[in-house]
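**Q** Below is the file query-v4.tsv, which contains TSV, C-alpha atoms and all ligand atoms.
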```tsv
chain	number	residue	atom	x	y	z
T	1	MET	CA	25.33	4.80	-19.33
T	2	PRO	CA	25.51	1.44	-17.50
T	3	LYS	CA	23.96	-1.55	-19.19
T	4	LEU	CA	21.73	-4.10	-17.56
T	5	LEU	CA	21.85	-7.69	-18.78
T	6	CYS	CA	19.07	-10.07	-17.84
T	7	GLY	CA	17.45	-13.13	-19.42
T	8	GLY	CA	19.17	-12.54	-22.76
T	9	LYS	CA	18.03	-8.90	-22.87
T	10	ALA	CA	20.24	-5.83	-22.59
T	11	VAL	CA	18.88	-2.48	-21.55
T	12	GLU	CA	20.73	0.78	-21.11
T	13	LEU	CA	19.77	2.52	-17.88
T	14	GLY	CA	18.89	6.21	-17.88
T	15	PRO	CA	20.82	8.57	-15.58
T	16	THR	CA	18.37	8.24	-12.68
T	17	GLU	CA	16.77	4.92	-13.57
T	18	THR	CA	16.76	2.04	-11.09
T	19	VAL	CA	17.39	-1.58	-11.98
T	20	LEU	CA	13.69	-2.28	-11.32
T	21	GLU	CA	12.61	0.43	-13.77
T	22	GLY	CA	15.06	-0.86	-16.36
T	23	LEU	CA	13.89	-4.47	-16.02
T	24	LEU	CA	10.22	-3.47	-16.29
T	25	ARG	CA	10.99	-1.29	-19.31
T	26	ALA	CA	12.63	-4.32	-20.93
T	27	GLY	CA	9.33	-6.16	-20.53
T	28	LEU	CA	10.48	-8.49	-17.78
T	29	THR	CA	8.15	-9.49	-14.96
T	30	VAL	CA	9.62	-8.53	-11.61
T	31	ALA	CA	7.66	-8.72	-8.36
T	32	HIS	CA	7.62	-5.35	-6.62
T	33	SER	CA	5.45	-3.20	-4.38
T	34	CYS	CA	6.73	-0.20	-2.40
T	35	ARG	CA	9.54	0.89	-4.78
T	36	ALA	CA	11.23	2.38	-1.73
T	37	GLY	CA	13.51	-0.36	-0.40
T	38	ALA	CA	11.13	-1.37	2.37
T	39	CYS	CA	9.16	-4.48	1.37
T	40	GLN	CA	11.98	-6.58	-0.16
T	41	SER	CA	9.60	-7.93	-2.81
T	42	CYS	CA	11.92	-6.85	-5.66
T	43	LEU	CA	14.88	-8.98	-4.58
T	44	VAL	CA	17.10	-9.96	-7.54
T	45	ARG	CA	20.63	-11.32	-7.78
T	46	ALA	CA	23.70	-9.88	-9.46
T	47	THR	CA	25.68	-12.51	-11.34
T	48	GLU	CA	28.31	-10.05	-12.59
T	49	GLY	CA	29.20	-6.46	-11.76
T	50	LEU	CA	29.22	-4.22	-8.72
T	51	VAL	CA	26.05	-3.92	-6.61
T	52	PRO	CA	25.53	-0.46	-5.06
T	53	SER	CA	25.69	-0.92	-1.27
T	54	GLU	CA	22.53	1.15	-0.70
T	55	ALA	CA	20.58	-1.56	-2.55
T	56	GLN	CA	21.54	-4.14	0.09
T	57	VAL	CA	20.45	-2.23	3.21
T	58	GLY	CA	18.35	-4.46	5.45
T	59	LEU	CA	19.36	-7.74	3.79
T	60	LYS	CA	20.95	-10.63	5.64
T	61	ASP	CA	24.72	-11.01	5.37
T	62	THR	CA	24.25	-14.32	3.56
T	63	GLN	CA	22.02	-12.64	0.97
T	64	LYS	CA	24.56	-9.86	0.46
T	65	ALA	CA	27.36	-12.37	0.03
T	66	GLU	CA	25.35	-14.16	-2.66
T	67	GLY	CA	24.81	-10.93	-4.57
T	68	TYR	CA	21.14	-10.36	-3.75
T	69	PHE	CA	19.94	-6.77	-3.80
T	70	LEU	CA	16.77	-4.67	-4.00
T	71	ALA	CA	16.17	-3.72	-7.63
T	72	CYS	CA	14.13	-0.64	-6.72
T	73	SER	CA	17.03	0.87	-4.76
T	74	ALA	CA	19.83	0.10	-7.21
T	75	ARG	CA	21.29	2.71	-9.56
T	76	PRO	CA	24.49	0.98	-10.69
T	77	LYS	CA	27.41	3.01	-11.98
T	78	THR	CA	28.74	0.19	-14.18
T	79	ASP	CA	27.30	-2.70	-16.20
T	80	LEU	CA	25.42	-5.28	-14.19
T	81	ALA	CA	24.24	-8.79	-15.07
T	82	VAL	CA	21.15	-9.77	-13.11
T	83	SER	CA	19.22	-12.98	-12.62
T	84	LEU	CA	15.60	-12.92	-11.53
T	85	PRO	CA	14.46	-15.32	-8.85
T	86	ASP	CA	12.25	-18.13	-10.02
T	87	GLN	CA	8.85	-16.48	-9.50
T	88	ALA	CA	7.64	-19.66	-7.76
T	89	GLU	CA	10.71	-19.85	-5.52
T	90	GLY	CA	10.00	-19.25	-1.83
T	91	LEU	CA	6.24	-18.88	-2.31
T	92	THR	CA	3.70	-20.38	0.05
T	93	PRO	CA	0.16	-20.77	-1.31
T	94	ALA	CA	-2.58	-19.61	1.07
T	95	HIS	CA	-6.37	-19.41	0.94
T	96	ILE	CA	-8.22	-16.31	2.07
T	97	THR	CA	-10.56	-17.78	4.66
T	98	HIS	CA	-12.06	-14.76	6.38
T	99	VAL	CA	-12.49	-11.04	5.65
T	100	ALA	CA	-14.19	-8.60	8.04
T	101	TRP	CA	-14.14	-4.87	8.75
T	102	LEU	CA	-12.23	-3.83	11.87
T	103	ALA	CA	-12.68	-0.08	11.38
T	104	GLU	CA	-13.99	2.31	8.74
T	105	SER	CA	-11.22	1.51	6.28
T	106	VAL	CA	-9.39	-1.38	7.90
T	107	LEU	CA	-9.98	-5.02	7.03
T	108	ARG	CA	-9.04	-8.07	9.02
T	109	VAL	CA	-7.93	-10.75	6.54
T	110	GLU	CA	-7.28	-14.34	7.56
T	111	LEU	CA	-5.09	-16.56	5.40
T	112	ALA	CA	-4.64	-20.31	5.67
T	113	PRO	CA	-1.24	-21.36	4.26
T	114	THR	CA	-1.25	-24.78	2.58
T	115	LYS	CA	2.07	-25.68	4.18
T	116	THR	CA	4.05	-24.73	7.28
T	117	PHE	CA	4.79	-21.01	7.38
T	118	ALA	CA	7.26	-20.02	10.11
T	119	TYR	CA	7.31	-16.38	11.23
T	120	ARG	CA	7.84	-14.07	14.20
T	121	ALA	CA	5.05	-11.84	15.50
T	122	GLY	CA	5.59	-8.38	13.98
T	123	GLN	CA	7.18	-9.51	10.71
T	124	PHE	CA	5.55	-8.82	7.35
T	125	VAL	CA	4.69	-10.92	4.30
T	126	ASN	CA	4.33	-10.09	0.65
T	127	VAL	CA	0.94	-11.18	-0.66
T	128	VAL	CA	1.13	-12.10	-4.35
T	129	ARG	CA	-2.15	-12.28	-6.24
T	130	ALA	CA	-2.64	-14.69	-9.17
T	131	ASP	CA	-1.86	-11.89	-11.66
T	132	GLY	CA	1.44	-11.08	-9.91
T	133	LEU	CA	0.21	-7.98	-8.05
T	134	THR	CA	2.25	-7.86	-4.83
T	135	ARG	CA	1.69	-5.95	-1.61
T	136	SER	CA	3.30	-6.10	1.84
T	137	TYR	CA	1.27	-6.52	5.02
T	138	SER	CA	2.35	-6.98	8.61
T	139	LEU	CA	1.25	-10.03	10.54
T	140	ALA	CA	-0.96	-9.26	13.54
T	141	ASN	CA	-1.00	-12.64	15.22
T	142	LEU	CA	1.32	-15.00	17.06
T	143	PRO	CA	2.55	-18.30	15.66
T	144	GLY	CA	0.79	-20.03	18.58
T	145	ASP	CA	-2.61	-18.49	17.78
T	146	GLY	CA	-3.57	-21.18	15.29
T	147	PRO	CA	-3.04	-22.27	11.71
T	148	THR	CA	-4.15	-19.02	10.04
T	149	LEU	CA	-2.31	-15.73	9.56
T	150	THR	CA	-3.99	-12.42	10.35
T	151	LEU	CA	-3.43	-9.23	8.39
T	152	HIS	CA	-4.83	-5.74	8.99
T	153	VAL	CA	-5.33	-4.16	5.58
T	154	ARG	CA	-5.93	-0.46	5.09
T	155	VAL	CA	-8.31	-0.06	2.17
T	156	VAL	CA	-7.38	2.87	-0.06
T	157	SER	CA	-9.56	3.98	-2.97
T	158	GLN	CA	-6.75	3.61	-5.56
T	159	GLY	CA	-5.37	0.46	-3.96
T	160	ARG	CA	-5.66	-2.46	-6.37
T	161	MET	CA	-4.90	-5.12	-3.76
T	162	SER	CA	-6.83	-3.59	-0.86
T	163	THR	CA	-10.00	-2.89	-2.87
T	164	TRP	CA	-9.84	-6.43	-4.24
T	165	LEU	CA	-9.50	-7.86	-0.73
T	166	ALA	CA	-12.58	-5.84	0.26
T	167	SER	CA	-14.56	-7.24	-2.67
T	168	PRO	CA	-16.70	-10.41	-2.46
T	169	GLY	CA	-14.41	-12.13	-4.98
T	170	ALA	CA	-11.46	-12.29	-2.59
T	171	LEU	CA	-12.97	-14.66	-0.03
T	172	GLY	CA	-11.80	-18.19	-0.80
T	173	ALA	CA	-9.24	-17.06	-3.38
T	174	LEU	CA	-5.77	-18.57	-3.49
T	175	VAL	CA	-2.82	-16.17	-3.17
T	176	ASN	CA	0.88	-16.73	-2.62
T	177	LEU	CA	2.94	-15.50	0.30
T	178	ARG	CA	6.56	-14.51	0.02
T	179	GLY	CA	8.50	-14.05	3.23
T	180	PRO	CA	8.26	-13.49	6.09
T	181	ALA	CA	10.64	-10.53	6.26
T	182	GLY	CA	11.52	-7.70	8.61
T	183	SER	CA	13.30	-7.47	11.92
T	184	CYS	CA	10.67	-5.54	13.88
T	185	PHE	CA	9.87	-8.24	16.45
T	186	TYR	CA	10.33	-9.00	20.14
T	187	VAL	CA	13.47	-10.89	21.12
T	188	GLU	CA	13.40	-12.66	24.45
T	189	GLY	CA	15.79	-11.43	27.13
T	190	ARG	CA	15.94	-8.36	29.35
T	191	PRO	CA	12.38	-9.05	30.61
T	192	THR	CA	12.26	-5.97	32.84
T	193	GLN	CA	13.31	-3.47	30.14
T	194	PRO	CA	10.62	-0.84	29.42
T	195	LEU	CA	9.01	-1.26	25.98
T	196	LEU	CA	7.57	1.65	24.02
T	197	LEU	CA	5.26	0.73	21.11
T	198	VAL	CA	3.99	3.51	18.86
T	199	GLY	CA	1.98	3.05	15.68
T	200	THR	CA	-0.46	4.78	13.38
T	201	GLY	CA	-3.33	3.19	11.44
T	202	THR	CA	-2.59	-0.43	10.56
T	203	GLY	CA	0.82	0.02	12.18
T	204	LEU	CA	-1.12	-1.47	15.08
T	205	ALA	CA	-0.96	-4.91	13.41
T	206	PRO	CA	2.72	-5.67	14.12
T	207	LEU	CA	2.53	-3.91	17.50
T	208	TYR	CA	-0.43	-6.04	18.58
T	209	GLY	CA	1.62	-9.15	17.76
T	210	ILE	CA	4.74	-7.80	19.48
T	211	LEU	CA	2.81	-6.82	22.61
T	212	ARG	CA	1.22	-10.25	22.95
T	213	ASP	CA	4.52	-11.97	22.12
T	214	ALA	CA	6.26	-10.03	24.92
T	215	LEU	CA	3.52	-11.01	27.38
T	216	ARG	CA	3.71	-14.63	26.24
T	217	ALA	CA	7.45	-14.53	26.95
T	218	GLY	CA	6.76	-13.24	30.48
T	219	HIS	CA	7.96	-9.68	29.94
T	220	SER	CA	7.42	-7.92	33.28
T	221	GLY	CA	8.82	-4.44	32.55
T	222	PRO	CA	6.42	-1.61	31.64
T	223	ILE	CA	4.94	-1.88	28.14
T	224	ARG	CA	3.42	1.35	26.84
T	225	LEU	CA	1.38	1.15	23.62
T	226	PHE	CA	0.28	4.29	21.76
T	227	HIS	CA	-2.02	3.92	18.76
T	228	GLY	CA	-2.87	6.95	16.65
T	229	ALA	CA	-5.40	7.69	13.93
T	230	ARG	CA	-6.69	10.81	12.27
T	231	THR	CA	-10.18	10.45	13.75
T	232	PRO	CA	-11.79	8.05	16.24
T	233	ARG	CA	-13.20	6.05	13.32
T	234	GLY	CA	-9.65	5.00	12.42
T	235	LEU	CA	-9.07	3.35	15.82
T	236	TYR	CA	-9.72	-0.35	16.29
T	237	LEU	CA	-9.10	-3.26	18.68
T	238	GLN	CA	-9.77	-0.84	21.54
T	239	ASP	CA	-11.73	-3.37	23.60
T	240	GLU	CA	-9.07	-6.05	23.18
T	241	LEU	CA	-6.26	-3.65	24.12
T	242	ARG	CA	-8.11	-2.27	27.14
T	243	ALA	CA	-8.76	-5.83	28.27
T	244	LEU	CA	-5.04	-6.64	27.95
T	245	ALA	CA	-4.16	-3.51	29.95
T	246	SER	CA	-6.67	-4.34	32.68
T	247	THR	CA	-5.38	-7.89	33.13
T	248	HIS	CA	-1.66	-7.04	32.87
T	249	PRO	CA	-0.57	-4.25	35.26
T	250	GLN	CA	2.63	-3.65	33.30
T	251	VAL	CA	0.67	-2.73	30.14
T	252	SER	CA	-0.73	0.70	29.36
T	253	TYR	CA	-2.68	1.55	26.22
T	254	THR	CA	-3.31	5.03	24.86
T	255	ALA	CA	-5.56	5.72	21.87
T	256	CYS	CA	-4.89	9.08	20.26
T	257	VAL	CA	-6.55	11.05	17.45
T	258	ARG	CA	-5.55	14.25	15.68
T	259	GLU	CA	-9.09	15.45	14.99
T	260	GLY	CA	-12.49	15.19	16.56
T	261	ALA	CA	-14.07	15.69	19.92
T	262	GLY	CA	-12.55	13.66	22.70
T	263	GLU	CA	-14.29	10.36	23.33
T	264	ALA	CA	-14.09	8.34	26.48
T	265	GLY	CA	-10.63	6.80	26.65
T	266	VAL	CA	-9.36	8.62	23.54
T	267	THR	CA	-6.83	11.46	23.72
T	268	VAL	CA	-6.86	14.30	21.17
T	269	GLY	CA	-3.37	15.51	20.29
T	270	ALA	CA	-0.08	14.75	18.58
T	271	LEU	CA	0.89	11.10	18.91
T	272	ASP	CA	4.65	11.73	18.92
T	273	GLU	CA	4.40	14.35	21.68
T	274	LEU	CA	2.24	12.08	23.74
T	275	ALA	CA	4.48	9.04	23.33
T	276	MET	CA	7.69	10.92	24.09
T	277	SER	CA	6.39	13.00	26.98
T	278	ALA	CA	4.88	10.16	28.98
T	279	GLY	CA	7.92	9.34	31.05
T	280	ALA	CA	10.31	8.37	28.25
T	281	ALA	CA	12.80	6.00	29.85
T	282	LYS	CA	16.44	6.01	28.78
T	283	ASP	CA	16.97	2.29	28.59
T	284	GLN	CA	13.90	1.37	26.63
T	285	ARG	CA	13.23	-0.83	23.64
T	286	VAL	CA	11.24	1.04	21.02
T	287	PHE	CA	8.98	-0.30	18.25
T	288	LEU	CA	7.66	2.17	15.68
T	289	CYS	CA	5.25	1.23	12.89
T	290	GLY	CA	3.09	3.01	10.34
T	291	ASP	CA	3.37	6.50	8.89
T	292	PRO	CA	6.97	6.87	7.57
T	293	THR	CA	7.27	10.54	8.58
T	294	LEU	CA	6.23	9.81	12.14
T	295	VAL	CA	8.45	6.72	12.31
T	296	THR	CA	11.50	8.70	11.16
T	297	ALA	CA	10.81	11.57	13.58
T	298	LEU	CA	10.25	9.25	16.52
T	299	ARG	CA	13.40	7.22	15.77
T	300	LYS	CA	15.38	10.39	16.15
T	301	ARG	CA	13.56	11.53	19.28
T	302	ALA	CA	13.86	8.13	20.95
T	303	PHE	CA	17.58	8.07	20.22
T	304	LEU	CA	18.05	11.60	21.57
T	305	ALA	CA	16.06	10.59	24.66
T	306	GLY	CA	18.64	7.91	25.38
T	307	ALA	CA	17.44	4.75	23.59
T	308	ARG	CA	20.27	2.81	21.94
T	309	LEU	CA	20.02	2.48	18.17
T	310	ARG	CA	20.09	-1.29	18.46
T	311	ASP	CA	17.01	-1.05	20.69
T	312	ILE	CA	14.97	0.90	18.16
T	313	TYR	CA	12.97	-1.24	15.71
T	314	SER	CA	10.89	0.34	13.01
T	315	ASP	CA	8.59	-0.65	10.20
T	316	PRO	CA	7.57	2.36	8.10
T	317	PHE	CA	4.53	1.59	5.93
T	318	ILE	CA	5.17	2.89	2.43
T	319	LEU	CA	2.20	2.90	0.09
T	320	ALA	CA	2.83	1.39	-3.33
T	321	PRO	CA	2.66	4.12	-5.96
T	322	PRO	CA	-0.51	4.20	-8.08
T	323	PRO	CA	-0.33	2.18	-11.31
T	324	GLY	CA	1.50	3.83	-14.19
T	325	PRO	CA	2.96	2.85	-17.53
T	326	SER	CA	6.06	1.33	-15.96
T	327	THR	CA	4.23	-0.60	-13.27
T	328	GLU	CA	2.14	-2.85	-15.46
T	329	ALA	CA	4.01	-5.92	-14.22
T	330	ALA	CA	2.66	-5.31	-10.69
T	401	LIG	S1	11.79	-3.07	-1.70
T	401	LIG	FE1	11.74	-2.86	-3.83
T	401	LIG	S2	9.64	-2.78	-4.33
T	401	LIG	FE2	9.68	-2.79	-2.14
```
Please, can you express the file's structure as C-alpha cells?
**A**
Amino acid sequence: MPKLLCGGKAVELGPTETVLEGLLRAGLTVAHSCRAGACQSCLVRATEGLVPSEAQVGLKDTQKAEGYFLACSARPKTDLAVSLPDQAEGLTPAHITHVAWLAESVLRVELAPTKTFAYRAGQFVNVVRADGLTRSYSLANLPGDGPTLTLHVRVVSQGRMSTWLASPGALGALVNLRGPAGSCFYVEGRPTQPLLLVGTGTGLAPLYGILRDALRAGHSGPIRLFHGARTPRGLYLQDELRALASTHPQVSYTACVREGAGEAGVTVGALDELAMSAGAAKDQRVFLCGDPTLVTALRKRAFLAGARLRDIYSDPFILAPPPGPSTEAA
C-alpha cells in the first residue's frame, strides 16, 4: 500500500482511500468541502512522488507544474510526500453584513471583505468559518456592484454552514474567503453569439452575475435564461429577471417548476427539455449551474446539438457530505 508522508507523520493508505481521507485519519487539519473534486478547497502540494493526473483536473497549468493537486481526488499508486498550505495563506477576512431570505430555503448573504477581493461574476468562493468549516458558494454579483459580495445560500436541514448562516449569530461574524475559483464566467468577445444559461435552485446565483456581466459588456446576441426549481416556492429574483428581460430585447427569462399548478409566468415541465427545445442554436455559448445530474445531461445534449466543448461552461453544485467520523476537521 502507498504511504503518505506529511508534517512528520506517515500514514499507509487503504486500497480505496484518498489522500484527503488519509490526512484526516492521521489527525491533520485539511480544509475541504465537497469531497468530489469540484470546490478546490482541499488543495495540497506534492513535494515528492507522482501525483495522479485525475487529481489535477481543473487546476491552472502553473499549479500543476508546482505539484498542487486536489487531495479528495487523489488515490496515489506509490508513496507521496505532501505539504499542506499554510491555513492562513490566500485567505481574505470578510464580515457578514446582511442576511435575508430570498425564497423558502434560499438566503441572500452579503459579505464585506476587509481587503481588495478581485473576482469575475460567476466564480465561486470558499467560505471558511472560524472553526475551519468550509463551504463553496457562487458569487451572484458583479465586481462593479459595490464593495460587498453577494451569495445565494441554499439552507439544508443537515447543513452546518447553511443553518449557521440562517441563525442570528451569523450576522456580523468574521469569516475567511479562499478563492475565487472556477472558470464559469463570461469572457468578452463574440458579442452577437447566442448565450444559453440554465440553472436549478441557487445555480441562479452565478447565472445572474453572468447575465448582467454580458449586458454590461454590451452583448447584443440573444441571451436565454432558464431557471428551474421543484416548486414555485423555490423560484426567486423573478421580478428582477423579468425587469431585465423587459428592458433588454435580447434577453428572455423562463421560470420552470417540476411540480405544482402553473402560476402566471411559470412553466410546469422538465427544465432540460424546455431549455433544449426552445430553438437551440448551434453556435451558442452555454452556461450550466446547479444540480450535477442535470448539468451533466445538458452538457451532453448541448454538445450533440452543435455547441463546441470550449463554449460549454458548467458549475455543478455538489453538496458536502453530512458530518461523519472522518470529517471532524471540517
Ligand atoms: S475539491 Fe476536494 S473537497 Fe472539494
**Q** Considering all atoms listed in the file, return as a list in words whatever protein or nucleic-acid residues lie within 9 Å of Leu309 in chain T, sequence-local ones (same chain, fewer than 5 positions apart) excluded.
**A** Arg299, Ala302 and Phe303 of chain T
**Q** What do you get as number ranges by chain if you pick all residues at most 8 Å from ligand LIG 401 (chain T), counting all atoms listed in the file?
**A** T: 20, 31-43, 70-73
**Q** Nearest to Leu211 in chain T among T:Pro316, T:Gly122, T:Gly14, T:Pro232, with distances taken over all atoms listed in the file: which residue is it?
**A**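 Counting all atoms listed in the file, the residue closest to Leu211 in chain T is T:Gly122.
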**Q** Just want the 10 Å neighbourhood of Val155 in chain T, counted on all atoms listed in the file, with same-chain residues fewer than 2 positions away dropped. Output as a list of chain:residue names.
**A**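 What passes the distance filter is T:Glu104, T:Ser105, T:Val106, T:Leu107, T:His152, T:Val153, T:Ser157, T:Gln158, T:Gly159, T:Arg160, T:Met161, T:Ser162, T:Thr163, T:Trp164, T:Leu165, T:Ala166.
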**Q** Put those residues in a file: C-alpha atoms, as a compact mmCIF listing (two decimals), in the frame of the given file.
**A**
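As written to disk, selection.txt reads:
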```txt
# COMPACT_ATOMS: atom_id res chain seq x y z
CA GLU T 104 -13.99 2.31 8.74
CA SER T 105 -11.22 1.51 6.28
CA VAL T 106 -9.39 -1.38 7.90
CA LEU T 107 -9.98 -5.02 7.03
CA HIS T 152 -4.83 -5.74 8.99
CA VAL T 153 -5.33 -4.16 5.58
CA SER T 157 -9.56 3.98 -2.97
CA GLN T 158 -6.75 3.61 -5.56
CA GLY T 159 -5.37 0.46 -3.96
CA ARG T 160 -5.66 -2.46 -6.37
CA MET T 161 -4.90 -5.12 -3.76
CA SER T 162 -6.83 -3.59 -0.86
CA THR T 163 -10.00 -2.89 -2.87
CA TRP T 164 -9.84 -6.43 -4.24
CA LEU T 165 -9.50 -7.86 -0.73
CA ALA T 166 -12.58 -5.84 0.26
```
**Q** At a cut-off of 10 Å around the point (13.0, 12.9, 21.1) (file coordinates), what residues fall inside when counting only C-alpha atoms? I'd like the answer as a ChimeraX atom specification.
**A** /T:272-273,275-277,280,297-307
**Q** Find the distance between CA of Cys289 in chain T and CA of Gly201 in chain T and write it in Å to one decimal.
**A**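 Answer for the CA of Cys289 in chain T to CA of Gly201 in chain T separation: 8.9 Å.
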**Q** Separation of CA of Tyr253 in chain T and CA of Arg190 in chain T, in Å?
**A**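 Separation between CA of Tyr253 in chain T and CA of Arg190 in chain T: 21.3 Å.
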**Q** Given 5 Å of margin on each side, can you work out the centre and size in Å (one decimal) of an axis-aligned box holding every listed atom of range 48-61 of chain T, as AutoDock Vina command-line options?
**A**
```
--center_x 23.8 --center_y -4.9 --center_z -3.5 --size_x 20.9 --size_y 22.2 --size_z 28.2
```
**Q** Please provide the set of residues having any atom within 10 Å of Gln193 in chain T, restricted to all atoms listed in the file, with same-chain residues fewer than 4 positions apart removed, written as an NGL selection string.
**A** :T and (189 or 219-223 or 281 or 283-285)
**Q** Using all atoms listed in the file for the distances, tell me which of T:Asp291, T:Ser246, T:Leu235, T:Arg120 is nearest to Thr267 in chain T.
**A**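 Residue with the minimum atom-to-atom distance to Thr267 in chain T: T:Leu235.
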**Q** Write out as a ChimeraX atom specification which residues come within 10 Å of Ile210 in chain T when counting all atoms listed in the file, dropping same-chain ones fewer than 5 positions away.
**A** /T:120-123,139-142,184-187,197,204-205,215-216,287
**Q** Enter the distance from CA of Val19 in chain T to CA of Pro85 in chain T, in Å, rounded to one decimal.
**A** 14.4 Å
**Q** Go through T:Asn176, T:Tyr137, T:Ala118, T:Leu23 and flag the residue nearest Ala94 in chain T, using only C-alpha atoms for the distances.
**A**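 Closest to Ala94 in chain T of all the choices is T:Asn176.
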**Q** With only C-alpha atoms as the basis for distance, which of T:Thr150, T:Thr296, T:Thr200, T:Ser167 is at the shortest distance from Thr254 in chain T?
**A**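 Checking each of T:Thr150, T:Thr296, T:Thr200, T:Ser167 against Thr254 in chain T, counting only C-alpha atoms, the winner is T:Thr200.
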**Q** Return the single residue from T:Leu111, T:Cys256, T:Leu102, T:Val128 that is closest to Leu274 in chain T, with distances computed using only C-alpha atoms.
**A** T:Cys256
**Q** Between T:Val295, T:Ala10, T:Ala112, T:Ala214, single out the one closest to Ala173 in chain T, counting all atoms listed in the file.
**A**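 Under the stated criterion, the closest residue is T:Ala112.
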**Q** May I have the residues within 8 Å of Gly269 in chain T as a list in words, using only C-alpha atoms and disregarding those fewer than 6 positions away in the same chain?
**A** Cys256, Val257, Arg258 and Glu259 of chain T
**Q** For the residues in the current selection, export C-alpha atoms as a compact mmCIF listing (two decimals), keeping the file's coordinate frame.
**A**
```
# COMPACT_ATOMS: atom_id res chain seq x y z
CA CYS T 256 -4.89 9.08 20.26
CA VAL T 257 -6.55 11.05 17.45
CA ARG T 258 -5.55 14.25 15.68
CA GLU T 259 -9.09 15.45 14.99
```
